[in-house]
Each structure stands twice: as structure tokens, then as C-alpha cells.
Amino acid sequence: MLAAWRTVAQRRQCPRAPALLAAARHLASQTAAASTQSASVAAEVPSSSSGSEPSARLLSSSQQPEERMDFPGGSVPFTAAMSFLGGTFSPRAPLPCYRTIDSAGLAIADADIPHELDQETAVKMYKTMVTLQTVDVIFYEAQRQGRFSFYMTSSGEEATAIGSAAALTNDDVIFSQYREQGVIMYRGFSVQDMAHQCFGNIHEQGKGRQMPIHYGSKALNFHTISSTLATQLPHAVGAAYALKLQKRNACAVAYFGEGAASEGDFHAALNFAATLKAPVVFICRNNGWAISTPATDQYRGDGIAGRGPGYGMASLRVDGGDARAVYNATAAARKIAVEQQVPVLVEAMSYRSGHHSTSDDSSRYRAAEEMRQWRARDPVARFQRWLVDQGWWSDAQDTSARQEARRDVIKALETAQKAPKPPLSAMFEDVYARMPWHLEKQQAEVFAHVRTHPDACPADIPVK
Amino acid sequence: MAAASCTLRSTPLPAAVGSPAARSLLAAPTRPVRANQRCLVAKAQKRELMMWEALREGLDEEMERDPTVCLMGEDVGHYGGSYKVSHGLYKKYGDMRLLDTPICENGFMGMGVGAAMTGLRPIVEGMNMGFLLLAFNQISNNCGMLHYTSGGQFKVPMVIRGPGGVGRQLGAEHSQRLESYFQSIPGVQLVACSTAANSKALLKSAIRSDNPIIFFEHVLLYNVKGEVHGPDYCQCLERAELVREGTDVTIFCYSRMRYVVMQAVAELEKQGYNPEVVDLISLKPFDMETISKSIKKTRKAIIVEECMKTGGIGASLSAVIHESLFNELDHEVLRLSSQDVPTSYAYELEAATIVQPEKVVAAVHKVCGVRVAA
């Protein structure tokens with residue numbers, strides 16, 4: 001039987017018959033007891049046969065003690081001591097948080113800076129932050145005025161989005177959750193583009209089909225946002241798989257919040273990426289709140305970064321309010337992902353200074369003092385201070401940049417609001433590559449109805 | 001889940017056993033398939049293969065033709081798939097294109113969506129269609145939607161395939177029929193193969209299509225033998241197959257029910273009936289051209305399906321037929337479907353849950369009137 005097992009294992013001709021091989025080893029005669037293969041231990045079978053028949057007797061205790069447990073997943077050392085690890089038993093210290101600029105914006109001495117920021121990049125980052133802050137404030141107000149239906153700000157997380165985006169190349173494929181507008185803005189999505197999308201007019205890439213802030217641009221390698229939480233994480237793994245097959249010098253990047261990391265797709269994506277060696281950079285925005293659920297009610301372990309090593313993945317915790325640290329963390333993570341073709345997990349610690357969305361009033365569940373303290377550590381102000389210290393920015397530039405941003409944003413909103421909406425026929429296109437008969441029929445019925453009941457169709461939707 | 005599927009794989013299918021009943025149940029249709037497919041290409045040489053071999057051959061041809069085609073799922077690489085559809089292909093194409101994944105259907109379905117949006121043509125295999133219930137979120141919210149919500153910027157050219165249907169005493173969780181659950185999802189196309197020939201030809205078309213296709217195979221049909229076409233033959237995904245031309249009544253069916261219906265037809269022929277049998281093939285969208293042409297001729301319709309009665313494919317088809325062909329009908333459309341119960345393990349109960357040939361014969365009697373054999 002043993003010979004048969006060996007033959008089957010050989011015939012399979014793949015390294016993945018370890019179960020059979022391990023079993024064969026266990027029952028084979030001890031011939032390599034003194035070998036340097038410490039990973040596997042074969043117990044001697046006290047049989048005088050050629051070793052082809054496993055002994056029916058239990059292995060004698062007078063044999064050499066087994067040191068390791070070989071199993072299909074690998075090999076682990078035995079111990080006679082029983083000690084639990086984790087939970088309340090010998091809890092691990094939390095992963096420390098990497099930062100290079102303190103809360104006031106002063107550079108920390110001797111910080112690791114493997115990727116120094118040059119002036120051009122740093123100024124572009126800051127200007128994008130200024131525009132982002134302006135967009136967030138004015139678009140939020142626009143929603144309040146009823147100009148469009150929904151908005152989400154990213155106040156307090158500008159450095160996470162823009163710091164990371166600046167460290168990527170345009171070939172890196174981005175999957176975001178919903179609070180990373182800074183990323184697509186840094187890539188080149190204009191304020192006008194954003195306004196068009198929020199108004200769902202004829203100029204926006206999504207053809208008016210998705211709700212506001214669900215940006216997407218094939219040209220900028222930024223996938224259209226899907227509302228479902230964490231579903232973008234397995235997508236990123238699939239994209240990384242495609243990049244790997246195509247042998248591209250690029251990685252996939254997936255953004256998500258600490259709340260979304262409770263979804264099953266988070267586990268699936270990280271396990272898959274690590275097991276299949278997919279070049280993905282997972283960037284978690286731990287902003288402390290998932291609508292009204294604080295992070296203390298979201299998980300019991302060491303945040304999100306603490307989970308990475310469990311999957312066999314390199315992980316780093318970083319100060320999400322420190323744009324320079326986020327930039328360095330992302331650049332380093334990207335390098336690991338692309339050069340070693342493995343996934344990396346980065347957890348950016350920050351704070352959601354604004355409400356979850358325009359449908360939320362966070363003062364109902366958050367202490368004003370907590371919010372005030374975090375706003376005092378505004379990531380944009382910290383980066384501005386550092387920028388000024390480098391001699392790369394001034395107050396005068398700041399004032400004029402903010403004025404210009406304000407003008408641009410207001411104008412963009414006006415232009416987008418006046419632009420026509422997509423026609424009624426756009427409702428039925430792109431469901432399939434070619435419109436099938438049942439959609440043609442439904443489209444015809446809708447048109448027939450609208451022509452006899454003009455009030456059924458909003459006045460600004462062209463009937464064509 | 002993996003253990004049960006191994007058990008399934010080793011269970012001999014009725015067709016493999018040489019009993020006369022099994023042979024007639026799974027015999028090739030008595031009339032040749034009419035060549036009314038618009039996409040007929042070269043008339044290459046025909047050979048006889050089992051359906052799993054035919055699917056494998058189609059997969060092999062498409063993977064050779066297009067380097068962006070890949071297969072992912074549980075045990076599809078080195079193991080060759082639970083039903084051998086990818087048997088040995090990893091040796092030719094490597095571990096990356098025949099990708100073994102960890103067990104998480106929503107995970108690898110999402111991975112397939114992401115890969116499809118990044119230039120690949122992935123085929124995602126569910127070890128059993130029922131397991132894809134775990135992947136419903138990705139299929140509905142992303143696979144079917146992202147081409148639309150992205151304004152046409154990102155396409156999702158993927159094929160989702162696997163065995164479904166009621167097998168032989170596999171228990172309720174392994175006897176799921178998901179076609180009715182998926183049929184409402186906007187943006188996906190549903191195709192059900194039934195013969196060695198159409199399984200290969202349809203799979204090739206599905207792989208080449210830019211739409212996401214859910215491709216239904218049946219757990220009991222993998223050993224069905226039949227002639228297959230050559231490497232250039234692709235079958236239209238939106239066309240039904242005319243299995244048997246007739247005049248008295250149109251019997252619509254798909255997947256394994258095609259064989260149940262043909263077994264009933266053998267009996268009905270003896271009784272002097274002349275039924276027309278249409279294999280739907282395209283469960284979404286329905287091939288209304290073939291369907292209406294047939295009903296206008298026979299003026300009576302029976303739908304024979306394996307999914308449950310409530311909300312089944314037949315429910316949709318019946319509604320569509322009544323709405324668009326009401327004046328062409330002499331009788332309301334009859335639906336023969338599975339009972340709305342979880343499928344029992346016990347053999348007799350399982351058999352009573354699904355449609356048997358006797359029920360089809362009785363339905364024809366009801367619709368056409370009882371006849372005395374000529």
C-alpha cells in the first residue's frame with residue numbers, strides 16, 4: 001500500500017500531493033534520521049520487510065522523538081507546553097504608527113524617508129488638497145441647497161488619499177470605496193468632471209447612471225465606484241492577476257475603510273492575494289467611524305494592519321494625517337508589490353472630521369470635544385506647515401490658491417447644473433454589448449408612454 | 001463542499017451504466033438538430049465526445065486562440081476540475097491560466113470581475129452552481145452592473161459556469177437550480193447547454209462574447225455522448241434549438257429536461273401525437289423568433305423545466321407568451337416544474353420532486369386531448 005501511495009504521488013507529478021508524501025514519510029523506514037532535512041521526520045517502522053507494508057502496530061515510544069508536525073499546509077514544531085496566544089492571553093503590542101511630521105507640522109528628526117518628496121510633487125499634492133477641501137465644503141453646501149441629491153466629504157483624510165495617490169504611477173489600477181476623491185483628483189479628474197458626475201449630466205463618463213460621488217474614469221485607470229462595501233477588494237486582486245499575466249510594471253491598489261474591512265470580501269481578497277501572490281497594495285483608511293459605529297465596536301484585534309501578518313502579508317501602520325509618511329509608505333509598498341509580486345497592506349490612521357454623508361448628522365453620536373481635537377490636527381494644515389518650512393509655499397500663495405479654487409468650484413457647479421441631462425434612450429443602452437429584444441421592447445413602451453403622457457418624464461430629460 | 005463533490009464525481013451516472021432505460025433517457029434526439037443558427041461557420045469534421053470532453057475541447061481551443069482567456073475556481077488546475085472540464089490543461093497553459101483558488105466563491109467571482117475589467121476573459125467555475133449563491137453579490141451588483149454604471153467604460157467579458165440541477169441523491173444543498181434566481185439580474189445573459197455539440201459550440205461563443213454569460217451545465221449530462229463540431233464552429237447564444245419538428249403542441253425545455261421530454265415523445269409518437277420540441281438554450285433573453293414561430297404553428301405550449309415552479313424560467317416565459325401571443329393560443333400555457341420544496345435525499349422523493357416523462361405525456365393529453373393510437 002505504501003508503494004502504491006508513493007506511485008500515486010509520483011504520478012501526480014505535482015508538489016501538491018504533500019498529504020500522500022507526508023503519510024508515506026511517516027510510515028517509511030527511518031533511513032534519513034541523521035539527515036539535514038529537519039523539516040520532515042520519518043518514524044522507524046520496526047518491520048523487517050523492505051518497507052512497502054506499513055506496520056499495523058503503533059509506533060514504539062522507544063523510537064526517536066518526533067520534532068515536527070508535517071501536514072499539507074507545511075511543518076510546525078511540536079511542544080509539550082500548552083499556551084494560548086492572542087485575545088486576553090499574552091496580548092501582542094499594537095503595531096506602531098509610522099510618521100515623519102508631527103501634529104503641528106514640524107518634521108521629526110531622523111525619520112525614515114526612503115522616498116524624499118521633491119518640490120514639484122509636494123506642491124502639486126498641497127494644491128490638490130486645497131482644491132479638495134474647497135470642493136468638499138462647497139459641494140456639501142450645494143447638496144444642502146438641493147442642487148443634487150447626495151455628497152460625501154473626505155475632511156480629515158486628504159493626506160491619506162493624496163499622499164498615496166502621489167506615490168503611484170498612472171499604470172497602477174485603482175479601486176476605491178467612496179471617500180477617496182483626492183485620489184482621482186490627483187490623477188487629473190477635474191473639478192468640472194466631479195461636478196458633471198454629481199449632476200449626472202450629459203458630459204459625465206458614467207452617462208448619468210450612478211449616484212453622486214461614484215466617480216470612474218477608464219482614462220485615469222480609476223474604476224467606477226460601486227456602492228457595495230468591500231466588493232472592490234477582490235476586483236483589485238483580479239486586476240493584479242491580469243497585470244501579472246500581462247507582465248506589466250504596475251500594481252492594483254484598493255482603498256477601503258476600517259468598517260468595510262469587516263466584510264467577508266476583505267478576508268477573501270487578502271487571503272487570495274497572499275495565496276496567489278497578486279501585486280496589490282491594500283490601503284485602509286481607518287478613520288475611526290463607520291457611520292455611527294466607532295472602531296472599538298468594529299473589531300477586537302489590532303486594527304486592520306494587525307490582520308495582515310495572519311494572511312502572510314507585509315503590513316504597515318502609518319499616520320494617515322501625515323502626507324509625507326503616507327507618500328513614503330505607499331511608495332515603499334508599491335515597490336514591494338511590483339518587485340516581489342506580492343500584496344502589501346497599509347493602514348492609514350486618521351479621523352473622519354465630517355459627517356458620514358449628507359444623510360448623516362454625526363453630532364448625534366460624537367462628542368464635540370473629540371471632533372475639535374482632531375480638527376486641530378488637520379492634515380492639510382500640517383502639510384502646509386512642512387511645505388512652508390521647506391520654503392516651497394507662502395501665505396500669499398495659499399490665499400490666492402484658495403480664492404482660485406473657490407472660483408473654479410462655483411463656476412464648475414454652475415456649468416454642470418446648466419448642462420443637459422442624458423437622453424431617455426441612455427437608460428437602456430450599455431446594459432449589454434448590443435440591446436436585446438426585451439430591452440428594445442421596454443424602451444419602445446417607455447417612449448410610447450412618455451409621448452402620450454409628457455408629464456411622466458422630467459422636463460430636463462430629452463425624449464430621444 | 002469539496003468532499004461531497006468528490007463523492008459525486010465517483011458516483012456513476014445512469015448513462016454510464018448500460019441499462020436500456022438509461023440509454024433511452026440520454027439517447028441523442030431522434031431527429032437531427034435543424035441548422036437554423038445564424039452563426040454557422042465552417043462545416044468541419046464531426047467526432048463523438050462526451051459532454052465534459054466537448055467542453056474541455058472548446059475551452060482548450062479558446063485558450064489557445066486567445067491568451068487572455070483563463071479559468072479560475074476551486075480544484076480546476078492540477079485536479080482538472082470536479083467534472084474534468086479542465087483536465088490536464090494546466091500542463092499546456094500553466095498554473096496561472098488554470099488558477100486554483102482558495103474556497104471563497106464571492107472572492108473569486110469578484111476576482112473574475114476585476115480581471116475582466118483589466119483586459120482578461122476569465123471563466124469562473126463554480127464547483128456546483130449552488131455554491132454561486134455565495135457569489136450573488138458580485139454577480140448582481142458588479143458583474144451585471146459595472147458596464148452600465150461606468151457609462152460603458154469598463155466591460156465585463158466573463159463566463160460563469162458550472163454544474164447545476166438535480167443529480168442523484170446529492171441532498172438539497174447540492175441540487176440547486178439557480179437559473180431562476182439569476183434571471184432578473186440586469187446585464188447578465190443566461191445560457192443552458194444540453195448536448196455535447198451545443199455545449200462546446202455555446203461555450204466558445206460565450207467566451208468570445210463581451211457580455212457576462214452565466215453558462216448552465218447539468219450535473220447528470222457530463223457523460224452524454226454526441227458529435228461535436230470543429231474549432232471554428234460557434235453557436236449563437238441567443239438562439240433556441242428546434243429538437244423535433246411537429247404540429248400538435250410545442251414543448252419548451254432546456255438542459256436535462258430535453259432528454260426527459262424526448263423520452264416522453266417516444267411514448268407520444270406511439271400514441272399518434274406529433275409534438276414540436278424546442279430547447280430554449282437562451283434563458284435570457286428568450287429567442288422570441290423561434291418561440292413565436294412555433295406557437296403560431298401549433299397553438300399550444302407546454303413548458304418543461306427543472307427549476308421550481310415559483311418564479312421559475314417557465315413563469316417568465318409563460319407570461320411573455322401570454323402577453324405577446326395570446327390570440328395564437330388555443331389553451332393556456334402549461335408549466336411542468338419541480339415542486340417548491342428542498343430536494344430530498346431519498347431516491348423516490350427526489351424523483352417525485354422533478355418532472356418525469358409521464359407528466360409530460362399527461363400534459364400533452366390535457367392540451368391536445370386524449371387520442372387513440374392510429
# chains A, B, ... in the order shown; residues from 1 in each chain; ligands from 1
>>> residues_around(residues="Trp386 of chain A", least_positions_apart="2", cutoff="10 Å", atoms="only C-alpha atoms", output="count of residues only")
20
>>> interface_residues(of="chain A", to="chain B", cutoff="8 Å", atoms="only C-alpha atoms", output="PyMOL selection string")
chain A and resi 14+205-210+216-218+223-224+226+228+231-243+245+265+268-269+271-272+275-276+429-433+436-438
>>> select_by_dssp(residues="segment 85-217 of chain B", states="helix (DSSP H, G or I)", output="ChimeraX atom specification")
/B:89-97,105-116,129-143,146-149,172-174,179-182,196-208
>>> write_last_selection(atoms="C-alpha atoms", output="PDB file, in the first residue's frame")
ATOM      1  CA  LEU B  89      -4.955  21.772 -19.345  1.00  0.00           C
ATOM      2  CA  TYR B  90      -2.612  23.191 -16.715  1.00  0.00           C
ATOM      3  CA  LYS B  91       0.212  21.233 -18.302  1.00  0.00           C
ATOM      4  CA  LYS B  92      -0.349  23.119 -21.540  1.00  0.00           C
ATOM      5  CA  TYR B  93      -1.198  26.586 -20.206  1.00  0.00           C
ATOM      6  CA  GLY B  94       0.419  26.688 -16.770  1.00  0.00           C
ATOM      7  CA  ASP B  95      -0.770  27.360 -13.260  1.00  0.00           C
ATOM      8  CA  MET B  96      -1.580  30.992 -13.862  1.00  0.00           C
ATOM      9  CA  ARG B  97      -4.136  30.444 -16.607  1.00  0.00           C
ATOM     10  CA  GLU B 105     -16.971  31.982  -4.153  1.00  0.00           C
ATOM     11  CA  ASN B 106     -17.572  35.667  -3.629  1.00  0.00           C
ATOM     12  CA  GLY B 107     -13.823  36.138  -3.584  1.00  0.00           C
ATOM     13  CA  PHE B 108     -13.029  34.510  -6.880  1.00  0.00           C
ATOM     14  CA  MET B 109     -16.145  35.858  -8.530  1.00  0.00           C
ATOM     15  CA  GLY B 110     -15.006  39.359  -7.594  1.00  0.00           C
ATOM     16  CA  MET B 111     -11.554  38.471  -8.780  1.00  0.00           C
ATOM     17  CA  GLY B 112     -13.029  37.441 -12.110  1.00  0.00           C
ATOM     18  CA  VAL B 113     -14.868  40.763 -12.379  1.00  0.00           C
ATOM     19  CA  GLY B 114     -11.681  42.697 -11.684  1.00  0.00           C
ATOM     20  CA  ALA B 115      -9.673  40.611 -14.144  1.00  0.00           C
ATOM     21  CA  ALA B 116     -12.349  41.014 -16.826  1.00  0.00           C
ATOM     22  CA  MET B 129     -23.875  26.117  -9.343  1.00  0.00           C
ATOM     23  CA  GLY B 130     -25.449  26.162  -5.904  1.00  0.00           C
ATOM     24  CA  PHE B 131     -22.209  27.435  -4.381  1.00  0.00           C
ATOM     25  CA  LEU B 132     -22.506  30.526  -6.516  1.00  0.00           C
ATOM     26  CA  LEU B 133     -25.248  31.718  -4.197  1.00  0.00           C
ATOM     27  CA  LEU B 134     -22.291  32.945  -2.175  1.00  0.00           C
ATOM     28  CA  ALA B 135     -21.193  34.923  -5.206  1.00  0.00           C
ATOM     29  CA  PHE B 136     -24.576  36.546  -5.759  1.00  0.00           C
ATOM     30  CA  ASN B 137     -23.439  39.948  -4.522  1.00  0.00           C
ATOM     31  CA  GLN B 138     -20.601  40.156  -7.001  1.00  0.00           C
ATOM     32  CA  ILE B 139     -22.724  38.748  -9.852  1.00  0.00           C
ATOM     33  CA  SER B 140     -25.652  41.054  -9.305  1.00  0.00           C
ATOM     34  CA  ASN B 141     -24.107  44.248  -8.013  1.00  0.00           C
ATOM     35  CA  ASN B 142     -20.927  44.291 -10.041  1.00  0.00           C
ATOM     36  CA  CYS B 143     -20.745  41.747 -12.846  1.00  0.00           C
ATOM     37  CA  LEU B 146     -20.467  47.812 -13.968  1.00  0.00           C
ATOM     38  CA  HIS B 147     -20.611  48.105 -17.738  1.00  0.00           C
ATOM     39  CA  TYR B 148     -23.772  50.174 -17.320  1.00  0.00           C
ATOM     40  CA  THR B 149     -22.846  52.278 -14.297  1.00  0.00           C
ATOM     41  CA  ALA B 172     -30.902  19.669  -1.068  1.00  0.00           C
ATOM     42  CA  GLU B 173     -27.838  21.942  -0.962  1.00  0.00           C
ATOM     43  CA  HIS B 174     -26.250  20.188  -3.932  1.00  0.00           C
ATOM     44  CA  GLU B 179     -31.232  29.954 -13.346  1.00  0.00           C
ATOM     45  CA  SER B 180     -34.451  31.351 -11.915  1.00  0.00           C
ATOM     46  CA  TYR B 181     -32.617  33.272  -9.189  1.00  0.00           C
ATOM     47  CA  PHE B 182     -30.257  34.865 -11.698  1.00  0.00           C
ATOM     48  CA  ALA B 196     -22.119  17.549 -26.416  1.00  0.00           C
ATOM     49  CA  ALA B 197     -22.380  19.555 -29.616  1.00  0.00           C
ATOM     50  CA  ASN B 198     -24.101  22.620 -28.266  1.00  0.00           C
ATOM     51  CA  SER B 199     -22.106  22.633 -25.036  1.00  0.00           C
ATOM     52  CA  LYS B 200     -18.849  23.049 -26.928  1.00  0.00           C
ATOM     53  CA  ALA B 201     -20.183  25.467 -29.530  1.00  0.00           C
ATOM     54  CA  LEU B 202     -22.022  27.620 -26.983  1.00  0.00           C
ATOM     55  CA  LEU B 203     -19.072  27.761 -24.610  1.00  0.00           C
ATOM     56  CA  LYS B 204     -16.875  29.036 -27.414  1.00  0.00           C
ATOM     57  CA  SER B 205     -19.385  31.793 -28.176  1.00  0.00           C
ATOM     58  CA  ALA B 206     -19.762  32.633 -24.516  1.00  0.00           C
ATOM     59  CA  ILE B 207     -16.031  33.071 -24.122  1.00  0.00           C
ATOM     60  CA  ARG B 208     -15.896  35.356 -27.149  1.00  0.00           C
TER      61      ARG B 208
END
>>> residues_around(residues="segment 343-345 of chain B", least_positions_apart="3", cutoff="12 Å", atoms="only C-alpha atoms", output="list in words")
Gly165, Val166, Gly167, Arg168, Gln169, Leu170, Gly171, Ala172, Glu173, His174, Ser175, Gln176, Arg177, Glu306, Cys307, Met308, Ser338, Gln339, Asp340, Glu348, Leu349, Glu350, Ala351, Ala352, Thr353 and Ile354 of chain B
>>> residues_around(residues="Val124 of chain B", least_positions_apart="6", cutoff="7 Å", atoms="only C-alpha atoms", output="MDAnalysis selection string")
chainID B and resid 71:73 109 112 159:161
>>> write_last_selection(atoms="C-alpha atoms", output="short mmCIF file (atom, residue, chain, number, x, y, z; two decimals), in the first residue's frame")
data_model
loop_
_atom_site.label_atom_id
_atom_site.label_comp_id
_atom_site.auth_asym_id
_atom_site.auth_seq_id
_atom_site.Cartn_x
_atom_site.Cartn_y
_atom_site.Cartn_z
CA LEU B 71 -10.06 29.70 -15.90
CA MET B 72 -10.30 30.17 -12.16
CA GLY B 73 -12.05 28.27 -9.43
CA MET B 109 -16.14 35.86 -8.53
CA GLY B 112 -13.03 37.44 -12.11
CA VAL B 159 -18.22 33.39 -18.33
CA ILE B 160 -19.61 31.97 -15.11
CA ARG B 161 -20.13 28.26 -15.47
#
>>> atom_distance(atom1="atom CA of Glu64 of chain B", atom2="atom CA of Asp232 of chain B")
12.6 Å
>>> closest_residue(among="B:Gln271, B:Ser255, B:Val341, B:Glu245", to="Lys297 of chain B", atoms="only C-alpha atoms")
B:Glu245
